[in-house]
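A.B. asks: I am sharing final-v2.txt, which consists of compact mmCIF, C-alpha atoms:
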```txt
# COMPACT_ATOMS: atom_id res chain seq x y z
CA ASP W 69 7.58 228.58 127.43
CA ALA W 70 6.63 228.85 131.10
CA GLY W 71 3.42 230.67 130.27
CA VAL W 72 2.27 233.91 131.84
CA ILE W 73 3.97 234.40 135.19
CA GLN W 74 2.32 236.40 137.93
CA SER W 75 3.62 237.37 141.34
CA PRO W 76 2.85 237.31 144.14
CA ARG W 77 0.31 234.47 144.12
CA HIS W 78 -1.13 235.65 147.39
CA GLU W 79 -0.94 239.03 149.08
CA VAL W 80 -2.47 240.06 152.37
CA THR W 81 -2.11 243.68 153.32
CA GLU W 82 -3.72 246.33 155.45
CA MET W 83 -5.90 249.13 154.22
CA GLY W 84 -3.87 252.11 153.07
CA GLN W 85 -0.83 250.13 152.02
CA GLU W 86 0.57 250.11 148.51
CA VAL W 87 0.21 246.90 146.54
CA THR W 88 2.18 246.01 143.43
CA LEU W 89 1.27 243.03 141.28
CA ARG W 90 3.65 241.84 138.61
CA CYS W 91 3.28 240.02 135.33
CA LYS W 92 5.62 238.49 132.80
CA PRO W 93 3.81 237.75 129.53
CA ILE W 94 4.67 235.05 127.05
CA SER W 95 7.60 236.07 124.89
CA GLY W 96 6.47 237.37 121.53
CA HIS W 97 2.95 238.24 122.65
CA ASP W 98 2.11 241.81 121.70
CA TYR W 99 -0.94 242.22 123.91
CA LEU W 100 -1.18 242.22 127.69
CA PHE W 101 -4.37 242.38 129.71
CA TRP W 102 -5.15 242.92 133.40
CA TYR W 103 -8.41 241.51 134.73
CA ARG W 104 -10.01 241.48 138.17
CA GLN W 105 -12.31 238.70 139.32
CA THR W 106 -14.75 238.90 142.21
CA MET W 107 -17.84 236.94 143.15
CA MET W 108 -20.01 240.02 142.89
CA ARG W 109 -18.78 241.44 139.59
CA GLY W 110 -17.30 238.46 137.79
CA LEU W 111 -14.35 239.02 135.47
CA GLU W 112 -13.65 242.68 134.68
CA LEU W 113 -11.12 244.07 132.24
CA LEU W 114 -9.06 246.75 133.92
CA ILE W 115 -6.62 247.73 131.18
CA TYR W 116 -4.84 246.32 128.17
CA PHE W 117 -1.64 247.14 126.33
CA ASN W 118 -0.50 246.66 122.76
CA ASN W 119 3.25 246.79 122.18
CA ASN W 120 3.69 248.25 125.67
CA VAL W 121 1.25 251.09 125.02
CA PRO W 122 -1.99 251.30 127.04
CA ILE W 123 -4.92 251.03 124.63
CA ASP W 124 -7.96 250.91 126.86
CA ASP W 125 -7.88 251.78 130.55
CA SER W 126 -11.56 252.53 130.91
CA GLY W 127 -11.93 249.64 133.32
CA MET W 128 -9.50 251.01 135.87
CA PRO W 129 -11.68 251.74 138.88
CA GLU W 130 -10.19 255.02 140.00
CA ASP W 131 -6.99 256.95 140.39
CA ARG W 132 -5.77 254.59 143.07
CA PHE W 133 -5.09 252.06 140.34
CA SER W 134 -2.25 252.42 137.86
CA ALA W 135 -0.61 250.05 135.41
CA LYS W 136 2.64 250.23 133.53
CA MET W 137 4.44 248.19 130.93
CA PRO W 138 8.02 249.48 130.73
CA ASN W 139 9.07 246.76 128.30
CA ALA W 140 7.69 243.79 126.40
CA SER W 141 8.44 241.32 129.17
CA PHE W 142 7.11 243.04 132.27
CA SER W 143 4.03 244.80 133.55
CA THR W 144 2.86 246.02 136.94
CA LEU W 145 -0.51 246.85 138.42
CA LYS W 146 -0.30 249.13 141.43
CA ILE W 147 -2.94 250.04 143.96
CA GLN W 148 -2.19 252.96 146.23
CA PRO W 149 -3.73 253.27 148.75
CA SER W 150 -5.42 249.90 148.91
CA GLU W 151 -8.92 249.43 150.32
CA PRO W 152 -10.84 246.32 151.48
CA ARG W 153 -13.09 246.52 148.40
CA ASP W 154 -10.00 245.92 146.24
CA SER W 155 -9.85 242.35 147.55
CA ALA W 156 -10.07 240.11 144.50
CA VAL W 157 -8.10 237.82 142.25
CA TYR W 158 -6.15 239.78 139.66
CA PHE W 159 -5.29 238.02 136.42
CA CYS W 160 -2.77 238.95 133.81
CA ALA W 161 -3.17 237.54 130.31
CA SER W 162 -1.24 237.90 127.08
CA SER W 163 -2.06 237.34 123.43
CA PRO W 164 -0.11 237.19 120.18
CA GLY W 165 -2.73 239.37 118.53
CA THR W 166 -4.79 238.66 115.43
CA GLY W 167 -2.43 236.61 113.32
CA GLY W 168 -1.60 232.93 113.20
CA SER W 169 -3.11 229.96 114.96
CA GLY W 170 -3.16 231.79 118.28
CA ALA W 171 -5.15 234.70 116.92
CA ASN W 172 -7.22 236.45 119.56
CA VAL W 173 -6.47 233.75 122.14
CA LEU W 174 -5.58 234.83 125.64
CA THR W 175 -3.23 232.88 127.84
CA PHE W 176 -3.90 233.59 131.48
CA GLY W 177 -1.58 233.54 134.43
CA ALA W 178 -2.54 231.73 137.61
CA GLY W 179 -3.64 234.95 139.26
CA SER W 180 -2.71 237.03 142.28
CA ARG W 181 -5.15 236.75 145.16
CA LEU W 182 -5.26 240.04 147.05
CA THR W 183 -6.79 240.45 150.48
CA VAL W 184 -6.95 243.92 151.98
CA LEU W 185 -7.82 243.94 155.66
CA ALA H 132 -21.85 246.98 120.46
CA GLN H 133 -20.87 243.54 121.66
CA SER H 134 -22.03 241.51 124.60
CA VAL H 135 -22.32 237.97 125.83
CA THR H 136 -25.10 236.33 127.84
CA GLN H 137 -24.62 233.01 129.54
CA LEU H 138 -28.12 231.83 130.18
CA ASP H 139 -27.39 229.64 133.21
CA SER H 140 -25.28 230.61 136.18
CA HIS H 141 -25.27 227.00 137.45
CA VAL H 142 -25.66 223.68 135.68
CA SER H 143 -25.65 220.31 137.44
CA VAL H 144 -25.35 216.98 135.65
CA SER H 145 -24.61 213.39 136.58
CA GLU H 146 -21.39 211.81 135.46
CA GLY H 147 -21.82 210.19 132.08
CA THR H 148 -24.74 212.39 130.99
CA PRO H 149 -24.59 215.14 128.35
CA VAL H 150 -23.53 218.69 129.13
CA LEU H 151 -25.08 221.81 127.59
CA LEU H 152 -23.87 225.27 128.54
CA ARG H 153 -25.70 228.03 126.75
CA CYS H 154 -24.28 231.25 125.37
CA ASN H 155 -25.87 233.99 123.29
CA TYR H 156 -23.95 236.90 121.89
CA SER H 157 -24.61 240.27 120.43
CA SER H 158 -22.22 241.68 117.87
CA SER H 159 -22.53 244.30 115.19
CA TYR H 160 -19.84 242.68 113.08
CA SER H 161 -18.34 239.28 112.43
CA PRO H 162 -17.39 237.95 115.83
CA SER H 163 -14.76 235.62 117.12
CA LEU H 164 -16.14 233.42 119.90
CA PHE H 165 -14.40 231.43 122.58
CA TRP H 166 -15.06 229.19 125.52
CA TYR H 167 -12.69 229.22 128.45
CA VAL H 168 -12.66 226.96 131.51
CA GLN H 169 -11.52 227.88 134.99
CA HIS H 170 -10.82 225.22 137.55
CA PRO H 171 -10.74 226.21 141.24
CA ASN H 172 -7.85 228.50 142.12
CA LYS H 173 -6.54 228.44 138.55
CA GLY H 174 -6.37 230.83 135.66
CA LEU H 175 -8.64 230.55 132.65
CA GLN H 176 -7.74 228.05 129.96
CA LEU H 177 -8.92 228.05 126.36
CA LEU H 178 -11.33 225.21 125.51
CA LEU H 179 -12.10 226.13 121.90
CA LYS H 180 -12.54 229.05 119.54
CA TYR H 181 -14.57 229.99 116.50
CA THR H 182 -13.18 232.44 113.98
CA SER H 183 -14.62 232.05 110.51
CA ALA H 184 -14.15 228.48 109.41
CA ALA H 185 -16.35 225.49 110.31
CA THR H 186 -19.36 226.37 112.42
CA LEU H 187 -18.93 223.23 114.54
CA VAL H 188 -15.79 223.68 116.57
CA LYS H 189 -14.08 220.90 118.48
CA GLY H 190 -12.05 221.67 121.55
CA ILE H 191 -10.10 219.94 124.24
CA ASN H 192 -11.45 217.30 126.62
CA GLY H 193 -14.26 216.26 124.29
CA PHE H 194 -16.06 219.60 124.27
CA GLU H 195 -17.50 221.18 121.15
CA ALA H 196 -19.55 224.23 120.28
CA GLU H 197 -21.67 225.21 117.31
CA PHE H 198 -21.83 228.72 115.94
CA LYS H 199 -25.40 229.53 114.86
CA LYS H 200 -25.56 232.96 113.34
CA SER H 201 -29.35 232.91 112.92
CA GLU H 202 -29.77 232.27 116.62
CA THR H 203 -26.73 234.32 117.70
CA SER H 204 -25.72 231.38 119.85
CA PHE H 205 -22.54 229.50 120.63
CA HIS H 206 -23.57 226.73 123.00
CA LEU H 207 -20.99 224.40 124.52
CA THR H 208 -21.71 220.68 124.62
CA LYS H 209 -20.12 217.42 125.66
CA PRO H 210 -21.72 214.00 125.15
CA SER H 211 -20.66 212.53 128.48
CA ALA H 212 -19.65 214.49 131.57
CA HIS H 213 -16.69 213.52 133.66
CA MET H 214 -16.02 214.47 137.26
CA SER H 215 -12.98 216.44 136.14
CA ASP H 216 -15.24 218.72 134.05
CA ALA H 217 -16.53 220.40 137.21
CA ALA H 218 -15.40 224.00 136.81
CA GLU H 219 -16.57 227.43 135.74
CA TYR H 220 -17.01 228.09 132.03
CA PHE H 221 -16.84 231.46 130.31
CA CYS H 222 -18.14 232.40 126.89
CA VAL H 223 -16.21 235.24 125.24
CA VAL H 224 -16.79 237.39 122.15
CA THR H 225 -14.53 239.79 120.36
CA LEU H 226 -14.68 241.62 117.07
CA ARG H 227 -12.73 239.87 114.35
CA GLY H 228 -10.44 242.31 112.63
CA SER H 229 -6.99 243.56 111.99
CA THR H 230 -6.32 244.52 115.56
CA LEU H 231 -7.22 242.72 118.76
CA GLY H 232 -9.89 244.70 120.49
CA ARG H 233 -11.68 244.36 123.73
CA LEU H 234 -12.88 240.88 124.67
CA TYR H 235 -16.28 240.59 126.31
CA PHE H 236 -16.70 237.86 128.92
CA GLY H 237 -19.94 236.30 130.02
CA ARG H 238 -20.67 236.05 133.74
CA GLY H 239 -19.75 232.38 133.76
CA THR H 240 -21.57 229.08 134.26
CA GLN H 241 -20.61 226.90 137.17
CA LEU H 242 -20.77 223.23 136.17
CA THR H 243 -21.27 220.66 138.91
CA VAL H 244 -20.88 216.97 138.07
CA TRP H 245 -22.47 214.44 140.42
CA PRO H 246 -21.07 210.92 140.73
```
Turn the structure described in the file into structure tokens.

C.D. replies:
Amino acid sequence: DAGVIQSPRHEVTEMGQEVTLRCKPISGHDYLFWYRQTMMRGLELLIYFNNNVPIDDSGMPEDRFSAKMPNASFSTLKIQPSEPRDSAVYFCASSPGTGGSGANVLTFGAGSRLTVL
Amino acid sequence: AQSVTQLDSHVSVSEGTPVLLRCNYSSSYSPSLFWYVQHPNKGLQLLLKYTSAATLVKGINGFEAEFKKSETSFHLTKPSAHMSDAAEYFCVVTLRGSTLGRLYFGRGTQLTVWP
């Protein structure tokens, strides 16, 4: 398996533009997480899905952020409109859930580094 | 409620000397505990995990951690540091149960290894 695939790896955009980050989880993983990492705030959970259904979105900063998981192999995190304070590294992670040897273990993607000017 | 406290934001050691990264947790129920490592410009990678078996857990790259319920600690150790161990380390706690719940990450400990 190629692991968790995120795109783009780097994105530079101007304030007010729409940004879409994409994630392909590991096949067979039932859970998908979106995290944001900044120097000031560390690693923050934005939202997570179980079987494509959002379970906890309490970490989504505001209405400018939205996340979808239309099927088991694809998720998007959208920011519209983007602001400079959204500059961060956004990580997607997936997990098989609570059973088996991989129970509760997250596999992270390489991240998408977003810079909003 | 669950939370994780990493007691040191930065740790510096010389190559070949022991490493100790400290983590305390707070959990109302039986926790699962993890250590992840993040090298520069990379995603996080699992080092080791504790679920409910042996309290001394061995991970990759010679790291190990001991679950001490009485001290609510899960410190990460390695007998001899290597230059390649320089990275950021995250302690994580989650509630062990039938469904995967929210994972709580510590703020991270930056490990520097001097030659």

A.B. asks: Rank nothing, just name the residue among W:Ala156, W:Ser180, W:Ser150, W:Val173 nearest to Glu86 of chain W, using only C-alpha atoms.

C.D. replies: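 When distances to Glu86 of chain W are compared using only C-alpha atoms, the smallest one comes from W:Ser150.
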
A.B. asks: Sorted by chain and rising residue number, which residues of chain W lie within 6 Å of chain H, and what are their closest atom pairs and distances in Å to one decimal, counting all atoms listed in the file, as CSV?

C.D. replies:
```
residue,atom,partner,partner_atom,distance
W:Gly110,CA,H:Arg238,CA,5.8
W:Gly165,CA,H:Leu231,CA,5.6
W:Thr166,CA,H:Leu231,CA,5.8
W:Phe176,CA,H:Gly174,CA,5.6
W:Gly177,CA,H:Gly174,CA,5.6
W:Ala178,CA,H:Gly174,CA,4.4
```

A.B. asks: Between atom CA of Val121 of chain W and atom CA of Met137 of chain W, measure the distance and give it in Å to one decimal.

C.D. replies: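 Rounded to one decimal, the two atoms are 7.3 Å apart.
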
A.B. asks: Restricting the calculation to only C-alpha atoms, which member of H:Ser143, H:Trp166, H:Phe194, H:Cys222 is positioned closest to Thr243 of chain H?

C.D. replies: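 Looking at the shortest contact to Thr243 of chain H, the residue is H:Ser143.
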
A.B. asks: In terms of the shortest atom-to-atom distance over only C-alpha atoms, which of H:Leu178, H:Leu187, H:Leu138, H:Ala218 is closest to Leu152 of chain H?

C.D. replies: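 Looking only at the distances to Leu152 of chain H, the closest residue turns out to be H:Leu138.
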
A.B. asks: Go through W:Leu89, W:Val157, W:Leu185, W:Met128 one by one, measure the shortest atom-to-atom distance of each to Leu111 of chain W using only C-alpha atoms, and give the residue with the smallest value.

C.D. replies: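 When distances to Leu111 of chain W are compared using only C-alpha atoms, the smallest one comes from W:Val157.
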
A.B. asks: Pick out the closest residue to Thr186 of chain H from this set: H:Phe205, H:Tyr220, H:Tyr156, H:Trp245. Count only C-alpha atoms.

C.D. replies: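 Nearest candidate to Thr186 of chain H out of H:Phe205, H:Tyr220, H:Tyr156, H:Trp245: H:Phe205.
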
A.B. asks: What's the separation between atom CA of Ser161 of chain H and atom CA of Val223 of chain H, in Å to one decimal place?

C.D. replies: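 If I compute the distance from atom CA of Ser161 of chain H to atom CA of Val223 of chain H, I get 13.6 Å.
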
A.B. asks: Rank nothing, just name the residue among W:His78, W:Arg181, W:Lys136, W:Arg104 nearest to Asn118 of chain W, using all atoms listed in the file.

C.D. replies: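 Comparing W:His78, W:Arg181, W:Lys136, W:Arg104 against Asn118 of chain W, the winner is W:Lys136.
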